[in-house]
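Participant: coords09.txt is reproduced in full below (compact mmCIF, C-alpha atoms and all ligand atoms).
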# COMPACT_ATOMS: atom_id res chain seq x y z
CA MET Y 1 20.41 -18.48 21.65
CA ARG Y 2 20.07 -18.99 17.92
CA PHE Y 3 18.56 -16.58 15.38
CA ASP Y 4 18.57 -16.37 11.60
CA THR Y 5 20.27 -12.96 11.80
CA VAL Y 6 21.88 -11.05 14.65
CA ILE Y 7 22.15 -7.27 14.19
CA ILE Y 8 24.71 -5.29 16.12
CA GLY Y 9 23.35 -1.77 16.71
CA GLY Y 10 19.76 -0.55 17.03
CA GLY Y 11 19.95 2.84 15.27
CA LEU Y 12 18.28 3.66 11.96
CA ALA Y 13 20.30 1.15 9.91
CA GLY Y 14 19.86 -1.70 12.41
CA LEU Y 15 16.14 -1.10 12.82
CA VAL Y 16 15.46 -0.80 9.07
CA ALA Y 17 17.31 -4.09 8.55
CA GLY Y 18 15.61 -5.80 11.50
CA ILE Y 19 12.07 -4.75 10.54
CA SER Y 20 12.62 -5.74 6.89
CA LEU Y 21 13.93 -9.19 7.82
CA GLN Y 22 11.19 -9.84 10.39
CA LYS Y 23 8.60 -8.93 7.75
CA GLU Y 24 10.09 -11.62 5.53
CA GLY Y 25 9.71 -14.21 8.29
CA ARG Y 26 13.30 -14.34 9.51
CA SER Y 27 14.01 -14.50 13.22
CA THR Y 28 16.34 -11.71 14.29
CA ALA Y 29 17.84 -10.13 17.38
CA ILE Y 30 19.13 -6.57 17.66
CA VAL Y 31 21.75 -5.84 20.30
CA SER Y 32 21.77 -2.13 21.07
CA ALA Y 33 24.39 -0.62 23.34
CA GLY Y 34 23.01 2.86 23.86
CA GLN Y 35 22.13 6.18 22.29
CA ASN Y 36 22.16 6.45 18.52
CA ALA Y 37 22.09 9.27 15.99
CA LEU Y 38 18.27 9.30 15.93
CA HIS Y 39 18.34 10.75 19.46
CA PHE Y 40 19.97 13.84 17.87
CA PHE Y 41 17.91 13.75 14.68
CA SER Y 42 16.94 17.07 13.05
CA GLY Y 43 13.73 15.61 11.63
CA SER Y 44 15.08 15.53 8.05
CA PHE Y 45 16.78 12.56 6.44
CA GLU Y 46 19.88 13.72 4.55
CA SER Y 47 20.54 12.43 1.05
CA LEU Y 48 17.02 11.05 0.79
CA GLU Y 49 15.45 13.49 -1.62
CA GLU Y 50 12.56 11.15 -2.07
CA ALA Y 51 11.36 8.16 -0.12
CA PRO Y 52 12.16 4.85 -1.66
CA GLN Y 53 8.76 3.12 -1.78
CA ARG Y 54 9.83 0.48 0.73
CA LEU Y 55 11.05 3.12 3.23
CA SER Y 56 7.72 4.98 3.09
CA GLU Y 57 5.96 1.67 3.60
CA LEU Y 58 8.22 0.61 6.46
CA PHE Y 59 7.81 3.97 8.24
CA GLY Y 60 4.07 4.11 7.47
CA GLU Y 61 3.54 0.69 9.05
CA ALA Y 62 5.38 1.96 12.13
CA GLY Y 63 2.99 4.95 12.25
CA ILE Y 64 5.49 7.54 10.95
CA ARG Y 65 4.52 9.71 7.99
CA LEU Y 66 7.21 11.33 5.85
CA HIS Y 67 6.95 14.23 3.42
CA TYR Y 68 9.15 15.97 0.91
CA CYS Y 69 9.00 19.13 -1.12
CA SER Y 70 11.87 20.70 -2.94
CA GLY Y 71 12.57 23.73 -0.81
CA ILE Y 72 14.17 24.73 2.48
CA ARG Y 73 13.65 24.23 6.22
CA LEU Y 74 14.29 26.54 9.17
CA MET Y 75 17.19 25.47 11.39
CA PRO Y 76 17.54 26.09 15.17
CA LEU Y 77 19.94 29.04 14.70
CA GLY Y 78 17.71 30.87 12.23
CA THR Y 79 19.47 29.72 9.08
CA PHE Y 80 17.86 27.74 6.26
CA ARG Y 81 18.92 24.42 4.75
CA PRO Y 82 17.76 22.58 1.66
CA ALA Y 83 14.84 20.31 2.39
CA ALA Y 84 15.21 16.57 2.57
CA LEU Y 85 12.74 13.81 3.23
CA SER Y 86 11.28 14.89 6.57
CA LEU Y 87 8.99 13.94 9.41
CA GLU Y 88 5.60 15.64 9.39
CA ASP Y 89 6.70 17.96 12.23
CA VAL Y 90 9.15 19.72 9.89
CA SER Y 91 7.81 22.63 7.81
CA LEU Y 92 9.29 22.99 4.34
CA PHE Y 93 9.24 26.32 2.48
CA GLU Y 94 9.84 27.60 -1.03
CA THR Y 95 11.71 30.75 0.08
CA PRO Y 96 13.18 32.15 3.35
CA GLY Y 97 10.54 34.89 3.30
CA PHE Y 98 7.79 32.36 3.97
CA ALA Y 99 5.81 34.64 6.36
CA ARG Y 100 5.00 38.31 6.92
CA LYS Y 101 5.21 38.42 10.71
CA ALA Y 102 6.13 35.69 13.19
CA LEU Y 103 5.50 35.21 16.90
CA ILE Y 104 8.30 33.15 18.44
CA VAL Y 105 7.14 31.47 21.65
CA ASN Y 106 9.35 29.80 24.22
CA PHE Y 107 8.63 28.39 27.69
CA ALA Y 108 9.95 30.40 30.66
CA GLY Y 109 13.18 28.85 31.99
CA TYR Y 110 13.93 26.83 28.84
CA HIS Y 111 17.37 27.69 27.46
CA ASP Y 112 17.74 25.09 24.69
CA PHE Y 113 15.61 27.00 22.18
CA PHE Y 114 17.39 29.93 20.55
CA THR Y 115 14.74 32.59 20.08
CA SER Y 116 17.11 35.54 19.46
CA PHE Y 117 19.07 33.69 16.76
CA LEU Y 118 15.80 32.65 15.16
CA ALA Y 119 14.48 36.23 15.19
CA GLU Y 120 17.75 37.52 13.71
CA GLY Y 121 17.70 34.93 10.92
CA LEU Y 122 14.04 35.51 10.11
CA GLU Y 123 14.39 39.28 10.13
CA LYS Y 124 17.20 38.95 7.57
CA ALA Y 125 14.68 37.10 5.42
CA GLY Y 126 12.25 40.04 5.79
CA ILE Y 127 10.01 38.47 8.45
CA ALA Y 128 9.17 40.77 11.39
CA CYS Y 129 9.44 38.89 14.70
CA ARG Y 130 8.16 39.20 18.26
CA ILE Y 131 9.45 36.92 21.04
CA GLN Y 132 7.23 35.88 23.95
CA ALA Y 133 7.70 33.46 26.85
CA LEU Y 134 4.90 31.34 28.30
CA ASP Y 135 5.15 30.69 32.03
CA LEU Y 136 3.24 27.50 32.66
CA PRO Y 137 2.59 26.24 36.21
CA GLU Y 138 2.70 22.66 34.85
CA LEU Y 139 6.47 23.15 34.21
CA GLU Y 140 7.16 24.63 37.66
CA ARG Y 141 8.63 21.42 39.12
CA ILE Y 142 11.21 20.94 36.33
CA GLN Y 143 11.87 24.70 36.00
CA ALA Y 144 13.53 24.57 39.43
CA SER Y 145 16.42 22.54 38.01
CA PRO Y 146 18.15 23.63 34.76
CA SER Y 147 19.31 20.02 34.20
CA GLU Y 148 15.67 18.86 34.16
CA MET Y 149 14.35 21.69 31.99
CA ARG Y 150 15.24 19.76 28.84
CA SER Y 151 13.34 18.92 25.66
CA VAL Y 152 12.18 15.44 26.66
CA GLN Y 153 10.98 16.41 30.14
CA ILE Y 154 9.05 19.35 28.68
CA ALA Y 155 7.62 17.12 25.95
CA ARG Y 156 6.25 14.69 28.56
CA THR Y 157 4.13 17.53 29.96
CA MET Y 158 3.21 18.96 26.55
CA ASP Y 159 1.50 15.78 25.39
CA ARG Y 160 -0.96 16.37 28.27
CA ILE Y 161 -1.46 20.14 28.06
CA TRP Y 162 -1.03 20.98 24.38
CA GLU Y 163 -4.63 22.30 24.12
CA LYS Y 164 -3.92 24.79 26.92
CA VAL Y 165 -0.70 25.82 25.11
CA VAL Y 166 -2.71 26.46 21.92
CA ARG Y 167 -5.15 28.63 23.89
CA GLU Y 168 -2.40 30.62 25.62
CA VAL Y 169 -0.34 31.12 22.47
CA GLY Y 170 -3.54 32.09 20.65
CA ALA Y 171 -4.10 34.78 23.30
CA LEU Y 172 -0.58 36.15 22.69
CA LEU Y 173 -1.09 36.38 18.93
CA GLY Y 174 -1.42 39.86 17.46
CA ASP Y 175 -1.37 40.33 13.70
CA GLU Y 176 1.27 37.61 13.18
CA ASP Y 177 0.50 35.05 10.49
CA THR Y 178 2.99 32.48 11.86
CA VAL Y 179 3.79 31.01 15.28
CA ILE Y 180 7.20 29.45 15.89
CA LEU Y 181 7.39 26.86 18.66
CA PRO Y 182 10.17 24.59 19.97
CA GLN Y 183 9.94 21.00 18.71
CA VAL Y 184 8.86 19.53 22.06
CA PHE Y 185 5.51 18.06 21.08
CA GLY Y 186 4.30 14.57 20.25
CA LEU Y 187 6.85 12.54 22.24
CA ARG Y 188 4.39 9.72 22.90
CA ASP Y 189 1.41 10.86 20.81
CA ILE Y 190 2.50 11.43 17.23
CA THR Y 191 -0.79 13.19 16.39
CA VAL Y 192 -0.12 16.16 18.70
CA PRO Y 193 1.96 18.36 16.31
CA GLY Y 194 -0.73 17.98 13.60
CA ARG Y 195 -3.53 18.75 16.06
CA ILE Y 196 -1.71 21.89 17.24
CA ARG Y 197 -1.38 23.02 13.62
CA GLN Y 198 -5.11 22.53 13.07
CA ALA Y 199 -6.18 24.26 16.28
CA MET Y 200 -3.89 27.33 16.11
CA PRO Y 201 -5.35 30.41 14.36
CA ALA Y 202 -2.01 30.95 12.52
CA ARG Y 203 0.50 28.81 10.67
CA VAL Y 204 2.67 26.80 13.12
CA VAL Y 205 6.34 26.07 12.48
CA PHE Y 206 8.15 23.74 14.91
CA VAL Y 207 11.89 24.38 15.15
CA GLY Y 208 14.57 22.06 16.56
CA THR Y 209 16.03 22.52 20.04
CA LEU Y 210 19.29 21.37 21.56
CA PRO Y 211 19.36 17.54 21.80
CA PRO Y 212 17.89 15.20 22.74
CA SER Y 213 15.58 15.51 19.76
CA VAL Y 214 11.94 14.84 20.60
CA PRO Y 215 10.92 13.77 17.05
CA GLY Y 216 14.06 11.61 16.88
CA ILE Y 217 13.31 9.81 20.14
CA ARG Y 218 9.73 9.29 19.02
CA THR Y 219 10.91 7.90 15.65
CA GLN Y 220 13.30 5.48 17.36
CA ALA Y 221 10.55 4.35 19.79
CA LEU Y 222 8.02 3.76 16.99
CA LEU Y 223 10.49 1.79 14.86
CA LYS Y 224 11.55 -0.28 17.87
CA ARG Y 225 7.92 -0.99 18.75
CA ARG Y 226 7.19 -2.05 15.16
CA TYR Y 227 10.22 -4.35 15.21
CA GLU Y 228 9.03 -5.97 18.45
CA VAL Y 229 5.44 -6.30 17.20
CA LEU Y 230 6.86 -8.25 14.24
CA GLY Y 231 8.49 -10.62 16.74
CA GLY Y 232 12.03 -9.22 16.79
CA THR Y 233 14.15 -9.51 19.94
CA TYR Y 234 15.59 -6.11 20.93
CA LEU Y 235 18.31 -6.41 23.56
CA SER Y 236 18.44 -2.88 24.91
CA GLY Y 237 21.46 -1.66 26.85
CA ASP Y 238 23.57 -4.66 25.89
CA GLU Y 239 26.78 -4.56 23.88
CA VAL Y 240 28.46 -7.07 21.58
CA LEU Y 241 31.98 -7.47 22.89
CA GLU Y 242 33.59 -9.95 20.54
CA ALA Y 243 32.95 -12.55 17.86
CA ASP Y 244 34.01 -16.06 17.10
CA LEU Y 245 35.05 -16.67 13.45
CA GLU Y 246 35.82 -19.96 11.70
CA ASP Y 247 36.88 -20.28 8.06
CA GLY Y 248 36.00 -16.64 7.34
CA THR Y 249 32.45 -16.89 8.72
CA VAL Y 250 31.07 -15.59 11.99
CA GLN Y 251 29.82 -18.37 14.26
CA SER Y 252 28.61 -16.42 17.28
CA VAL Y 253 28.99 -13.20 19.21
CA ALA Y 254 29.29 -12.59 22.95
CA THR Y 255 27.52 -9.74 24.72
CA ARG Y 256 28.16 -8.05 28.03
CA ASN Y 257 24.82 -9.05 29.60
CA LEU Y 258 24.48 -12.59 28.25
CA GLY Y 259 27.89 -13.69 29.49
CA THR Y 260 28.62 -17.25 28.36
CA HIS Y 261 25.29 -17.53 26.44
CA ARG Y 262 26.54 -16.56 23.01
CA LEU Y 263 24.27 -15.42 20.17
CA LEU Y 264 24.44 -17.78 17.20
CA ALA Y 265 23.12 -16.98 13.71
CA GLU Y 266 23.45 -17.73 10.02
CA ASP Y 267 24.11 -14.07 9.22
CA PHE Y 268 25.25 -11.04 11.17
CA ILE Y 269 24.77 -7.36 10.36
CA LEU Y 270 27.15 -4.78 11.77
CA ALA Y 271 25.14 -1.55 12.21
CA SER Y 272 27.19 -0.11 15.05
CA GLY Y 273 27.49 3.47 13.72
CA GLY Y 274 30.52 5.75 13.46
CA TYR Y 275 32.77 7.43 16.05
CA PHE Y 276 29.78 8.96 17.83
CA SER Y 277 28.27 5.53 18.61
CA LYS Y 278 31.64 3.81 19.11
CA GLY Y 279 31.16 1.60 16.05
CA LEU Y 280 34.51 3.11 15.02
CA ARG Y 281 37.20 4.04 17.51
CA SER Y 282 40.33 6.07 17.10
CA ASN Y 283 43.50 7.22 18.80
CA PRO Y 284 46.19 9.53 17.38
CA PHE Y 285 47.71 6.64 15.39
CA ARG Y 286 44.91 4.50 14.04
CA ILE Y 287 41.18 3.99 13.55
CA TRP Y 288 39.68 0.60 14.31
CA GLU Y 289 36.44 -1.36 14.45
CA PRO Y 290 36.22 -2.86 17.94
CA VAL Y 291 34.02 -5.99 17.65
CA PHE Y 292 35.59 -7.92 14.74
CA GLY Y 293 38.80 -5.94 14.20
CA LEU Y 294 37.76 -5.36 10.56
CA ASP Y 295 39.91 -3.54 8.02
CA VAL Y 296 39.29 0.21 8.17
CA ASP Y 297 40.00 2.53 5.28
CA PHE Y 298 42.07 5.47 6.58
CA ALA Y 299 45.15 7.40 5.50
CA GLY Y 300 48.45 6.25 7.01
CA ASP Y 301 49.64 9.86 7.26
CA ARG Y 302 47.71 11.38 10.14
CA THR Y 303 47.99 14.92 8.78
CA ALA Y 304 45.74 13.75 5.93
CA TRP Y 305 42.95 12.87 8.42
CA TYR Y 306 41.80 16.44 8.84
CA ASP Y 307 41.53 19.69 6.95
CA PRO Y 308 42.79 22.65 9.03
CA ALA Y 309 39.89 24.72 7.64
CA PHE Y 310 37.43 24.09 10.48
CA ALA Y 311 34.29 24.21 8.37
CA ALA Y 312 35.65 21.97 5.57
CA ASP Y 313 34.43 18.39 5.03
CA GLN Y 314 36.80 16.51 7.30
CA PRO Y 315 38.47 13.47 5.64
CA TYR Y 316 38.33 11.39 8.87
CA MET Y 317 34.53 11.46 8.69
CA ALA Y 318 34.62 9.50 5.43
CA TYR Y 319 36.76 6.70 6.91
CA GLY Y 320 34.93 3.45 7.64
CA VAL Y 321 35.18 -0.31 7.40
CA LYS Y 322 36.29 -1.68 4.03
CA THR Y 323 33.81 -3.96 2.25
CA ASP Y 324 33.39 -5.80 -1.03
CA ALA Y 325 30.58 -4.81 -3.42
CA SER Y 326 28.09 -6.95 -1.44
CA LEU Y 327 28.86 -5.10 1.81
CA HIS Y 328 30.79 -8.02 3.29
CA PRO Y 329 33.45 -6.31 5.40
CA LEU Y 330 37.09 -7.24 4.89
CA LEU Y 331 39.21 -8.84 7.59
CA ASP Y 332 42.90 -8.97 6.69
CA GLY Y 333 41.88 -8.31 3.09
CA MET Y 334 39.34 -11.17 2.88
CA PRO Y 335 35.54 -10.69 2.91
CA VAL Y 336 33.71 -12.14 5.93
CA LYS Y 337 31.06 -14.15 4.09
CA ASN Y 338 28.08 -14.05 6.47
CA LEU Y 339 28.69 -10.54 7.85
CA TYR Y 340 27.31 -7.30 6.35
CA ALA Y 341 28.32 -3.77 7.33
CA VAL Y 342 25.63 -1.06 7.05
CA GLY Y 343 25.08 2.55 8.08
CA SER Y 344 27.68 4.97 9.35
CA VAL Y 345 30.20 2.27 10.32
CA LEU Y 346 30.90 2.45 6.55
CA GLY Y 347 32.01 6.09 7.00
CA ALA Y 348 29.96 9.26 6.71
CA THR Y 349 29.56 9.00 2.92
CA ARG Y 350 29.76 6.30 0.28
CA PRO Y 351 29.38 7.29 -3.36
CA GLU Y 352 26.85 4.50 -4.05
CA PHE Y 353 24.69 5.20 -0.96
CA GLY Y 354 25.09 8.92 -0.20
CA SER Y 355 25.43 10.18 3.36
CA GLY Y 356 23.45 10.44 6.61
CA ALA Y 357 20.15 8.62 6.66
CA GLY Y 358 20.40 7.88 2.93
CA LEU Y 359 23.51 5.80 3.57
CA ALA Y 360 21.93 4.05 6.59
CA VAL Y 361 18.72 3.15 4.79
CA ARG Y 362 20.11 2.22 1.38
CA SER Y 363 22.90 0.05 2.78
CA ALA Y 364 20.49 -1.67 5.19
CA PHE Y 365 18.14 -2.55 2.32
CA ARG Y 366 21.10 -3.77 0.25
CA ALA Y 367 22.18 -6.14 3.05
CA VAL Y 368 18.61 -7.37 3.60
CA ASP Y 369 18.23 -8.14 -0.13
CA ALA Y 370 21.52 -10.04 -0.16
CA ILE Y 371 20.51 -12.12 2.88
CA LEU Y 372 17.09 -12.94 1.40
CA LYS Y 373 18.67 -13.80 -1.97
CA GLU Y 374 21.17 -16.15 -0.28
CA GLU Y 375 18.32 -17.81 1.56
CA ALA Y 376 16.34 -18.32 -1.66
CA LEU Y 377 19.26 -20.12 -3.35
C1 LIG C 401 24.82 13.52 16.39
C2 LIG C 401 24.37 13.09 15.01
C3 LIG C 401 23.21 13.68 14.46
C4 LIG C 401 22.80 13.29 13.17
N1 LIG C 401 21.68 13.87 12.64
C5 LIG C 401 21.26 13.50 11.41
C6 LIG C 401 20.08 14.05 10.83
O1 LIG C 401 19.41 14.88 11.42
N2 LIG C 401 19.71 13.63 9.59
C7 LIG C 401 20.44 12.70 8.90
O2 LIG C 401 20.07 12.32 7.81
N3 LIG C 401 21.56 12.17 9.43
C8 LIG C 401 21.99 12.53 10.64
N4 LIG C 401 23.13 11.98 11.16
C9 LIG C 401 23.87 10.99 10.38
C10 LIG C 401 23.51 9.62 10.98
O3 LIG C 401 24.72 9.02 11.24
C11 LIG C 401 22.56 8.76 10.12
O4 LIG C 401 21.47 9.50 9.70
C12 LIG C 401 22.00 7.50 10.77
O5 LIG C 401 20.98 7.77 11.73
C13 LIG C 401 23.07 6.61 11.34
O6 LIG C 401 22.46 5.40 11.68
P1 LIG C 401 23.28 4.11 12.05
O7 LIG C 401 22.25 3.11 12.44
O8 LIG C 401 24.26 3.77 11.01
O9 LIG C 401 24.18 4.48 13.33
P2 LIG C 401 23.81 5.02 14.76
O10 LIG C 401 22.58 5.79 14.75
O11 LIG C 401 25.05 5.66 15.26
O12 LIG C 401 23.52 3.70 15.62
C14 LIG C 401 24.48 2.77 15.99
C15 LIG C 401 24.02 2.04 17.24
O13 LIG C 401 24.90 0.93 17.46
C16 LIG C 401 25.17 0.82 18.82
N5 LIG C 401 26.42 0.07 19.01
C17 LIG C 401 27.70 0.43 18.74
N6 LIG C 401 28.55 -0.55 19.03
C18 LIG C 401 27.78 -1.58 19.51
C19 LIG C 401 28.10 -2.86 20.03
N7 LIG C 401 29.35 -3.30 20.08
N8 LIG C 401 27.09 -3.64 20.46
C20 LIG C 401 25.80 -3.20 20.41
N9 LIG C 401 25.46 -1.99 19.95
C21 LIG C 401 26.44 -1.19 19.51
C22 LIG C 401 25.25 2.25 19.30
O14 LIG C 401 25.09 2.35 20.70
C23 LIG C 401 24.09 2.87 18.52
O15 LIG C 401 22.90 2.72 19.24
C24 LIG C 401 23.57 12.34 12.43
C25 LIG C 401 24.72 11.78 13.01
C26 LIG C 401 25.12 12.15 14.27
C27 LIG C 401 26.36 11.52 14.85
Rewrite the structure of this file - the entire thing - as structure tokens.
Ligand SMILES: Cc1cc2nc3c(=O)[nH]c(=O)nc-3n(C[C@H](O)[C@H](O)[C@H](O)COP(=O)(O)OP(=O)(O)OC[C@H]3O[C@@H](n4cnc5c(N)ncnc54)[C@H](O)[C@@H]3O)c2cc1C
Facilitator:
Amino acid sequence: MRFDTVIIGGGLAGLVAGISLQKEGRSTAIVSAGQNALHFFSGSFESLEEAPQRLSELFGEAGIRLHYCSGIRLMPLGTFRPAALSLEDVSLFETPGFARKALIVNFAGYHDFFTSFLAEGLEKAGIACRIQALDLPELERIQASPSEMRSVQIARTMDRIWEKVVREVGALLGDEDTVILPQVFGLRDITVPGRIRQAMPARVVFVGTLPPSVPGIRTQALLKRRYEVLGGTYLSGDEVLEADLEDGTVQSVATRNLGTHRLLAEDFILASGGYFSKGLRSNPFRIWEPVFGLDVDFAGDRTAWYDPAFAADQPYMAYGVKTDASLHPLLDGMPVKNLYAVGSVLGATRPEFGSGAGLAVRSAFRAVDAILKEEAL
């Protein structure tokens, strides 16, 4: 099978690259092995203090609206973090004391939403809190099994019964000006969180739960759908195993499911993520990139990999594949001409791209621009 570009990895970086290239008329395939960081997404894109115009456009066309205000957001354990570019679900505040009194509502039997920590954090900020649990018969079947009482299963039901939830939470409200709910709404219908906010007789703040992240899964699904609507080929649950290189250029890659039918392309983008997604692998002696065997930037002395202070920025997180200025990764010191490395396979931070989503998005756009420029020559 031949494409203009084959992308290895279908997380944020791979999807941003794939959608952008499809929009420009290139034929692309994304091979995506499994879960990616979006499935654990907090709802805020780190190191994106404002949306580059083309990111807002790309997300908007996929049906995802982003917002930013310089301020803070409420985290699942009741702490606050500086705001970043966020999904609409996320409430951004100017100060921790954003309310007078809050009603924190959970669903009976759901343990992945930390109401006591939230109350403690909010009370420190001067917000009086009351915690209530809603026992909904619609959740009875999944309540029976703690392994099923998880964010995504609850969210499937919530898209159907959110109006009832608004009514029942409304009935619990006393003189609170704010209702705090777990972020388990709008899995399939992105309009639900906004409609809850409109219908509730108090301000509604959605707060993250333990993963999987409902807004993250929704974001991934909407970007994937947009990519496929544009004609992209998304090979879900497949994995690129190895590549064939000739004269410093990639000729083809082999995947687990396609067997002897190799994927051929003019360009390849490596968007396989960091350790978490197995784009980078490690043992006590070395760190390596498994598909191409690319050069990885890491300290030879293993004691330099980590800082014994647990909460410190850990040096190993910054390690990633080495590239030239055009994001061509190095193999034995030489750039691979038709391969680009983007996203967290580059390491958790890169001075020119930032970290987190900022790194994924900016590096993906950089690779796309380079590919389109090459094509125009
Ligand atoms: C748990 C977690 C939570 C995070 N939360 C946030 C957050 O809330 N906000 C934020 O800004 N940043 C967050 N980050 C940082 C995050 O890394 C980036 O924001 C960004 O989403 C990374 O995107 P990516 O596409 O580079 O990699 P990933 O999202 O890791 O995607 C890589 C994909 O490549 C696939 N893959 C790997 N190898 C192969 C192969 N050989 N063949 C085919 N597919 C392959 C993987 O299965 C995976 O699907 C988080 C990171 C982690 C690990």
Participant: Find the residues near ligand LIG 401 (chain C). Use a cut-off of 6 Å, count all atoms listed in the file, and write them as number ranges by chain.
Facilitator: Y: 8-14, 31-38, 40-46, 239-241, 271-274, 276-279, 291, 343-344, 356-357, 360
Participant: In Å, how far is it from CA of Pro193 in chain Y to CA of Ser116 in chain Y?
Facilitator: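 Computing the Euclidean distance for CA of Pro193 in chain Y and CA of Ser116 in chain Y yields 23.1 Å.
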Participant: Give the answer as one residue: which of Y:Leu377, Y:Val16, Y:Leu222, Y:Leu103 has the shortest atom-to-atom distance to Gly63 in chain Y, using all atoms listed in the file?
Facilitator: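 With all atoms listed in the file as the atom set, the closest residue is Y:Leu222.
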Participant: Up to 10 Å from (7.1, 41.9, 18.3) in the file's coordinates: name the residues, counting only C-alpha atoms, as an mmCIF file with C-alpha atoms, in the frame of the given file.
Facilitator:
data_model
loop_
_atom_site.group_PDB
_atom_site.id
_atom_site.type_symbol
_atom_site.label_atom_id
_atom_site.label_comp_id
_atom_site.auth_asym_id
_atom_site.auth_seq_id
_atom_site.Cartn_x
_atom_site.Cartn_y
_atom_site.Cartn_z
ATOM 1 C CA LYS Y 101 5.210 38.420 10.710
ATOM 2 C CA ALA Y 102 6.130 35.690 13.190
ATOM 3 C CA LEU Y 103 5.500 35.210 16.900
ATOM 4 C CA ILE Y 104 8.300 33.150 18.440
ATOM 5 C CA ALA Y 119 14.480 36.230 15.190
ATOM 6 C CA ALA Y 128 9.170 40.770 11.390
ATOM 7 C CA CYS Y 129 9.440 38.890 14.700
ATOM 8 C CA ARG Y 130 8.160 39.200 18.260
ATOM 9 C CA ILE Y 131 9.450 36.920 21.040
ATOM 10 C CA GLN Y 132 7.230 35.880 23.950
ATOM 11 C CA LEU Y 173 -1.090 36.380 18.930
ATOM 12 C CA GLY Y 174 -1.420 39.860 17.460
ATOM 13 C CA ASP Y 175 -1.370 40.330 13.700
ATOM 14 C CA GLU Y 176 1.270 37.610 13.180
#
Participant: By how many Å are CA of Tyr316 in chain Y and CA of Thr303 in chain Y apart?
Facilitator: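 So the answer is 10.3 Å.
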Participant: Please identify all polymer residues within 10 Å of Tyr68 in chain Y, counting all atoms listed in the file, omitting same-chain residues fewer than 3 positions from it, and present them as JSON, numbers by chain.
Facilitator: {"Y": [44, 48, 49, 50, 51, 71, 83, 84, 85, 86, 87, 88, 90, 91, 92]}
Participant: For the atom pair CA of Arg156 in chain Y and CA of Leu187 in chain Y, what is the interatomic distance in Å to one decimal place?
Facilitator: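 CA of Leu187 in chain Y lies 6.7 Å from CA of Arg156 in chain Y.
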